[in-house]
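Single-structure report; data block below.
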4 protein chains.
Amino acid sequence: MNEEIGFIGLGKMGQPMVMNLLKAGFTVKVYNRTPDKAKDVVAAGAQQVYRPSDVVKTGGIVITMVANDEALESVVHGDDGFGEKLGPGGIHLSMSTVSPETSRKLAAYHYQHGSHYVASPVFGRPEAAVAQKLFVLSSGPSEAKERVKPVQEALGQRVFDIGEDPSSANVIKLGGNFMIMAAMEAMAESFNLAEKNGIDRNLAAKVYASTLFNCTVYQGYGQMIAKKVFEPAGFQLALGLKDCNLVLEEANATKTPMPLASLLHDRLLSSVAKGRENQDWSALTMIASEEAGLE
Amino acid sequence: MNEEIGFIGLGKMGQPMVMNLLKAGFTVKVYNRTPDKAKDVVAAGAQQVYRPSDVVKTGGIVITMVANDEALESVVHGDDGFGEKLGPGGIHLSMSTVSPETSRKLAAYHYQHGSHYVASPVFGRPEAAVAQKLFVLSSGPSEAKERVKPVQEALGQRVFDIGEDPSSANVIKLGGNFMIMAAMEAMAESFNLAEKNGIDRNLAAKVYASTLFNCTVYQGYGQMIAKKVFEPAGFQLALGLKDCNLVLEEANATKTPMPLASLLHDRLLSSVAKGRENQDWSALTMIASEEAGLE
Amino acid sequence: MNEEIGFIGLGKMGQPMVMNLLKAGFTVKVYNRTPDKAKDVVAAGAQQVYRPSDVVKTGGIVITMVANDEALESVVHGDDGFGEKLGPGGIHLSMSTVSPETSRKLAAYHYQHGSHYVASPVFGRPEAAVAQKLFVLSSGPSEAKERVKPVQEALGQRVFDIGEDPSSANVIKLGGNFMIMAAMEAMAESFNLAEKNGIDRNLAAKVYASTLFNCTVYQGYGQMIAKKVFEPAGFQLALGLKDCNLVLEEANATKTPMPLASLLHDRLLSSVAKGRENQDWSALTMIASEEAGLE
Amino acid sequence: MNEEIGFIGLGKMGQPMVMNLLKAGFTVKVYNRTPDKAKDVVAAGAQQVYRPSDVVKTGGIVITMVANDEALESVVHGDDGFGEKLGPGGIHLSMSTVSPETSRKLAAYHYQHGSHYVASPVFGRPEAAVAQKLFVLSSGPSEAKERVKPVQEALGQRVFDIGEDPSSANVIKLGGNFMIMAAMEAMAESFNLAEKNGIDRNLAAKVYASTLFNCTVYQGYGQMIAKKVFEPAGFQLALGLKDCNLVLEEANATKTPMPLASLLHDRLLSSVAKGRENQDWSALTMIASEEAGLE
């Protein structure tokens with residue numbers, strides 16, 4: 001496991017991921033637009049570079065974990081982007097949450113340059129990244145997936161192979177975020193019905209999360225929705241709306257009616273119209289409360 | 001624990017529940033409209049009677065576990081009903097899934113006769129009943145809840161106190177069934193999006209049930225929805241529609257808009273219009289598939 | 001046209017209808033729960049009686065124009081109800097907006113007593129009643145419809161025969177009210193989109209009502225929705241919710257999914273949760289405005 | 001009225017519009033990608049040219065009436081496009097149904113070249129164009145609108161000034177198309193409820209179109225929806241979906257939740273998934289029929 005890894009993007013997710021790579025014995029070169037953020041990982045043994053293209057040698061592996069599609073395209077194609085450098089045999093392991101369309105385009109781009117693209121978004125929050133408990137999705141050419149697997153395994157508890165199509169892992173990631181939002185709306189409506197019947201919302205949340213729905217999504221968000229406390233934002237509502245729009249675009253492109261996604265979209269859009277874009281995405285549930293005349 | 005218990009309703013849930021009561025040392029008198037069904041529990045030590053009113057002495061405890069609101073009202077008020085017999089100090093432990101309204105009416109009725117009503121629906125299927133793994137909800141007067149608690153504990157893995165209002169446990173039960181159906185629709189739309197993108201539905205189901213949603217509802221129903229196999233019916237779609245209608249009636253009565261419940265209602269109603277009332281309630285997801293032009 | 005008519009219900013609709021019957025040469029006996037309201041029609045020649053059963057002789061015609069299903073059942077079946085009196089050959093011309101189910105029950109009741117029931121709700125507001133411009137729906141046995149036709153023609157500009165089934169006219173009436181509410185929501189969303197793009201709502205309303213939608217519903221309600229002025233109430237929102245619930249019950253009974261009706265139901269229910277039950281039913285459009293962060 | 005007009009786009013709408021311009025005394029130069037289509041208007045006095053840039057002299061007026069946003073951009077910016085030629089004082093009178101965004105971009109483009117852009121979509125089908133009965137919307141700079149008004153008046157029965165913002169007329173046009181589709185869905189659900197109650201759909205359509213909704217949209221589409229005959233297509237369903245997507249994009253951009261538009265979108269998308277993209281857009285109502293198990 002002496003492979004050298006380039007790593008771009010040292011946010012709340014990226015930093016603990018680099019730590020786990022170092023712990024697993026990888027040599028890691030890191031780049032971040034704001035250089036400050038590299039301090040801790042450098043102290044732990046990472047090597048800092050100041051241009052995206054410097055994280056990798058031709059034929060190497062680059063992990064990207066950046067904020068959005070635009071940021072991703074810029075570290076590949078922008079001035080000092082690593083795209084051309086990566087070259088024959090190189091692998092771009094793309095772990096950010098981006099659109100299937102962006103993955104398709106980048107996969108085609110790398111293919112033209114002799115390198116490979118593996119889409120590899122994750123399920124899990126920063127705490128899970130620290131604890132090496134992420135779930136890692138993986139789609140792309142088989143050989144490339146094989147080569148990066150040890151890297152992925154150093155980052156999470158389990159890797160899921162989603163097939164050859166580069167966009168598939170992104171579709172699964174978006175579908176998961178949609179299902180989380182659907183669970184939030186379901187909880188909100190159910191808790192409101194309880195409250196309107198004189199039952200404590202927190203009790204309702206506890207009962208469901210201890211019985212039928214004893215899994216993290218219901219346990220964590222259930223408490224926030226019961227208490228109507230949506231700050232600090234673990235994941236901003238504006239990003240939830242962005243993901244929901246990506247879901248609906250993909251649904252449109254593939255002719256897949258998703259009325260529940262449409263409902264969630266309208267909740268999120270209303271939340272933004274009311275100025276809640278910086279709250280946690282679970283704040284989408286306030287629309288249901290307001291419609292019921294609660295608060 | 002030498003209390004004598006009357007038990008009415010020996011269906012798929014009732015029979016294993018009686019078994020567990022016997023195992024816990026209770027004396028149990030049983031009644032079922034079709035007497036045949038008592039065979040196994042009688043062999044295990046229960047005493048069979050042939051009129052609802054014969055299951056209980058004045059001041060005793062009667063458990064009801066019957067098909068619906070009408071059946072429940074008939075064993076209380078009908079010819080040979082146990083309602084008047086139960087009398088001062090008696091407790092009606094009502095474990096069927098019925099409407100909050102029926103609970104309110106029965107609580108008032110028993111109160112007038114000096115007896116108590118404890119609403120106590122459960123989460124769990126027949127297998128859970130056998131394994132004494134039910135989750136038991138409990139709402140009603142405190143003293144009455146206290147007295148029946150050992151009985152409830154003999155039937156499940158945990159008892160949740162939902163307060164004094166007799167209808168509260170029913171509201172929580174209905175809310176849970178609504179949340180299950182919401183999860184089904186969310187899975188269906190997500191799996192369809194995956195399928196339309198060339199991803200195996202079963203893989204999508206597996207990934208979600210192993211990561212974000214590693215709880216029974218998603219694991220069990222996820223497989224059925226991925227495979228589109230809805231028979232045999234664990235819980236009939238017609239009953240799902242009945243429960244959804246109860247949710248919407250309660251929502252209407254308490255002025256709680258529930259657009260996701262409205263969406264599910266229309267899915268269920270369409271399913272019945274297409275002749276699927278006897279399939280498992282997860283068959284409600286076929287509407288999303290058909291709308292997407294799948295199958 | 002010397003037929004004697006009994007008329008029950010002297011509200012905003014009933015009074016001008018009696019006036020038109022008198023003008024057409026009919027002899028009219030009137031009953032109203034609050035006797036005061038008969039003053040004007042008595043001055044114009046109607047004969048006032050003080051019990052529902054006194055408005056008619058056996059074999060005659062009784063028109064009912066009362067507030068709701070309960071009021072209707074009470075003037076038929078209640079103390080002094082006209083139900084039994086009407087007898088062989090009599091006709092109950094039922095012009096109130098009631099549920100199809102109530103019409104079915106009353107038709108069966110009258111049939112048992114040898115009399116006939118014609119359901120005959122109308123489209124039109126009090127101004128239209130005054131101007132003899134109502135549209136009159138008519139369903140029931142052919143002979144009975146034939147006999148009451150001159151009466152209906154004295155009340156409106158056109159009579160529509162909706163067939164033999166007594167409930168059919170009520171279904172058409174409810175469907176019409178549903179379509180009005182759908183038009184309101186469509187206008188609201190469209191005007192909001194205009195407003196958010198910096199276009200005057202009133203201009204948008206005027207353009208649509210002068211071009212594609214140059215009919216009364218869009219012209220009248222369009223102005224109210226553009227100006228967001230919902231008082232005084234021409235038709236109370238609480239009654240709109242009642243009608244929408246009747247639509248959904250009928251939809252449920254006949255297995256007809258109506259997702260647009262479900263959407264409207266949730267708008268109306270939210271409006272009531274926010275205390276708007278006494279505003280005009282077009283106030284249902286405020287939910288869309290609030291969701292958009294307008295006002 | 002001796003102004004010379006350039007006219008681009010000789011489809012079903014464009015041809016009768018040119019005829020009316022000639023009749024009103026204008027000199028008209030016409031261009032169409034397929035030159036054949038000019039035959040009739042040339043016979044009536046129009047002058048045919050073979051490049052978009054040849055329809056106009058600097059400072060003149062060009063009307064565009066083409067299929068979609070791409071076609072519009074190409075006749076302006078493409079090889080031989082008229083964009084640069086139009087020059088100082090020229091006016092582009094853009095009458096196609098395009099997105100507000102395209103209007104904003106073209107307005108900015110013309111402004112940079114000293115010319116003006118007036119967005120001027122119309123309500124009305126080919127028959128209305130022939131009869132000079134179109135309704136013409138008009139938004140853009142006041143002076144430019146003033147100069148083209150005689151031209152617009154030669155084409156329709158009435159011109160509506162929608163203000164200075166170039167995109168406003170397009171927003172109003174899209175809002176109108178949305179309202180038409182909402183009316184279609186409302187009719188479908190209402191007719192289905194009637195049919196399920198044993199009432200003839202055609203009778204229901206006739207009653208509504210003769211009473212509450214006596215305007216063209218309900219009269220024309222009402223018959224198609226009642227009879228379920230959606231061919232030949234007056235306006236293709238695929239174009240309806242395109243417009244609905246434009247509505248939702250504009251709603252997204254301006255933070256205007258439109259749940260009824262979301263519902264319609266899912267109907268249209270399902271229709272396309274089922275292969276109905278070439279039927280008339282009123283075929284979107286088949287989804288409601290299928291959900292009800294009709295046909």
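Going by the structure tokens order, chains are called A, B, ..., each with residues numbered from 1, while ligands are numbered from 1 in the order shown.
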
Selection near Ala43 of chain C, 12 Å with only C-alpha atoms, sequence-local residues under 4 positions removed, as a short mmCIF file (atom, residue, chain, number, x, y, z; two decimals) with C-alpha atoms, in the first residue's frame:
data_model
loop_
_atom_site.label_atom_id
_atom_site.label_comp_id
_atom_site.auth_asym_id
_atom_site.auth_seq_id
_atom_site.Cartn_x
_atom_site.Cartn_y
_atom_site.Cartn_z
CA GLN C 15 -86.18 34.69 -1.60
CA VAL C 18 -89.92 32.68 -4.73
CA MET C 19 -90.28 36.12 -6.28
CA LEU C 22 -94.85 34.44 -8.11
CA LYS C 37 -87.44 36.24 6.48
CA ALA C 38 -90.82 35.67 4.79
CA LYS C 39 -91.80 39.34 5.02
CA GLN C 47 -98.67 32.57 1.69
CA GLN C 48 -96.70 31.89 4.86
#

Counting only C-alpha atoms, which residues in chain D sit no more than 7 Å from chain B? For each one, give the nearest pair of atoms and the distance in Å, sorted by chain then residue number, as JSON lines.
{"residue": "D:Ser270", "atom": "CA", "partner": "B:Glu291", "partner_atom": "CA", "distance": 5.0}
{"residue": "D:Ala273", "atom": "CA", "partner": "B:Gly293", "partner_atom": "CA", "distance": 5.2}
{"residue": "D:Lys274", "atom": "CA", "partner": "B:Gly293", "partner_atom": "CA", "distance": 5.3}
{"residue": "D:Glu291", "atom": "CA", "partner": "B:Ser270", "partner_atom": "CA", "distance": 5.0}
{"residue": "D:Ala292", "atom": "CA", "partner": "B:Ser270", "partner_atom": "CA", "distance": 5.6}
{"residue": "D:Gly293", "atom": "CA", "partner": "B:Ala273", "partner_atom": "CA", "distance": 5.2}

Could you dump the residues just selected with C-alpha atoms as a PDB file, in the first residue's frame?
ATOM      1  CA  SER D 270     -45.611  10.275 -17.545  1.00  0.00           C
ATOM      2  CA  ALA D 273     -42.800   7.992 -20.807  1.00  0.00           C
ATOM      3  CA  LYS D 274     -45.838   6.221 -22.273  1.00  0.00           C
ATOM      4  CA  GLU D 291     -55.249   5.945 -12.513  1.00  0.00           C
ATOM      5  CA  ALA D 292     -58.994   5.601 -12.150  1.00  0.00           C
ATOM      6  CA  GLY D 293     -58.917   2.276 -13.986  1.00  0.00           C
TER       7      GLY D 293
END

Practice task
Using only C-alpha atoms, determine which residues lie at most 12 Å from Val41 of chain B, disregarding the query and same-chain residues fewer than 5 positions distant; provide the list as JSON, numbers by chain.
Solution key: {"B": [7, 9, 10, 11, 14, 15, 16, 17, 18, 19, 20, 21, 22, 23, 27, 28, 29, 30, 31, 32, 35, 36, 46, 47, 48]}

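You will find atom CA of Gly222 of chain B at 25.8 Å from atom CA of Leu263 of chain D.
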
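Distance-wise, atom CA of Lys173 of chain C and atom CA of Gly114 of chain C end up 26.7 Å apart.
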
Exercise for the section: Determine the nearest neighbour of Val247 of chain D from the options D:Ala226, D:Ala233, D:Leu174, D:Ala209, counting only C-alpha atoms. Expected result: D:Leu174

Exercise for the section: For Asp80 of chain D, work out the shell of residues within 10 Å, counting only C-alpha atoms and skipping chain neighbours fewer than 6 positions away, then give it as a list in words. Expected result: Tyr50, Arg51, Pro52, Ser53, Asp54 and Ser74 of chain D

Problem - All helix (DSSP H, G or I) residues (DSSP, backbone) inside segment 59-251 of chain B, as number ranges by chain - result: B: 69-77, 83-86, 100-112, 126-130, 142-153, 168-196, 201-210, 216-227, 237-251

Excluding same-chain residues fewer than 3 positions from Asn202 of chain C, what lies within 7 Å of it counting only C-alpha atoms, as a CSV table (one decimal) with C-alpha atoms, in the first residue's frame?
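Listed below is the output, selection.csv:
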chain,number,residue,atom,x,y,z
C,205,ALA,CA,-55.6,39.0,-14.1
C,206,LYS,CA,-57.0,41.4,-16.7
C,223,GLN,CA,-59.9,40.3,-9.4
C,226,ALA,CA,-55.2,39.6,-7.8
C,227,LYS,CA,-56.1,42.1,-5.2

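Of the residues in segment 130-284 of chain B, those given strand (DSSP E or B) by DSSP on the backbone are Leu134, Phe135, Val136, Leu137, Ser138, Ser139, Gly156, Gln157, Arg158, Val159, Phe160, Asp161, Gln236 and Asp280 of chain B.
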
Exercise for the section: Work out how far atom CA of Arg104 of chain C is from atom CA of Gly78 of chain C, in Å to one decimal. Expected result: 18.2 Å

Need the shell around Val151 of chain B: protein/DNA/RNA residues with any atom at most 9 Å away, counting only C-alpha atoms. Skip same-chain ones fewer than 2 positions apart. Format as a JSON list (two decimals) with C-alpha atoms, in the first residue's frame?
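Here's the written file around-v2.json:
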[["chain", "number", "residue", "atom", "x", "y", "z"],
["B", 1, "MET", "CA", -48.74, -12.89, 38.03],
["B", 3, "GLU", "CA", -54.19, -12.54, 37.04],
["B", 5, "ILE", "CA", -57.04, -12.64, 31.34],
["B", 21, "LEU", "CA", -49.49, -15.03, 28.01],
["B", 24, "ALA", "CA", -45.79, -16.05, 31.32],
["B", 26, "PHE", "CA", -51.38, -16.10, 33.12],
["B", 147, "ARG", "CA", -52.21, -2.73, 36.18],
["B", 148, "VAL", "CA", -51.98, -4.03, 32.58],
["B", 149, "LYS", "CA", -48.28, -3.34, 32.18],
["B", 153, "GLU", "CA", -44.65, -6.89, 28.88],
["B", 154, "ALA", "CA", -45.45, -10.55, 28.41],
["B", 155, "LEU", "CA", -46.40, -9.76, 24.81]]

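In this comparison, which uses only C-alpha atoms, the residue of D:Ala169, D:Val62, D:Val42, D:Ala251 approaching Thr97 of chain D most closely is D:Ala169.
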
Handout entry: Distance query Val229 of chain A at most 10 Å, only C-alpha atoms, self and fewer than 6 positions along chain excluded, as a PyMOL selection string
Key = chain A and resi 221+223+279-280+282-283
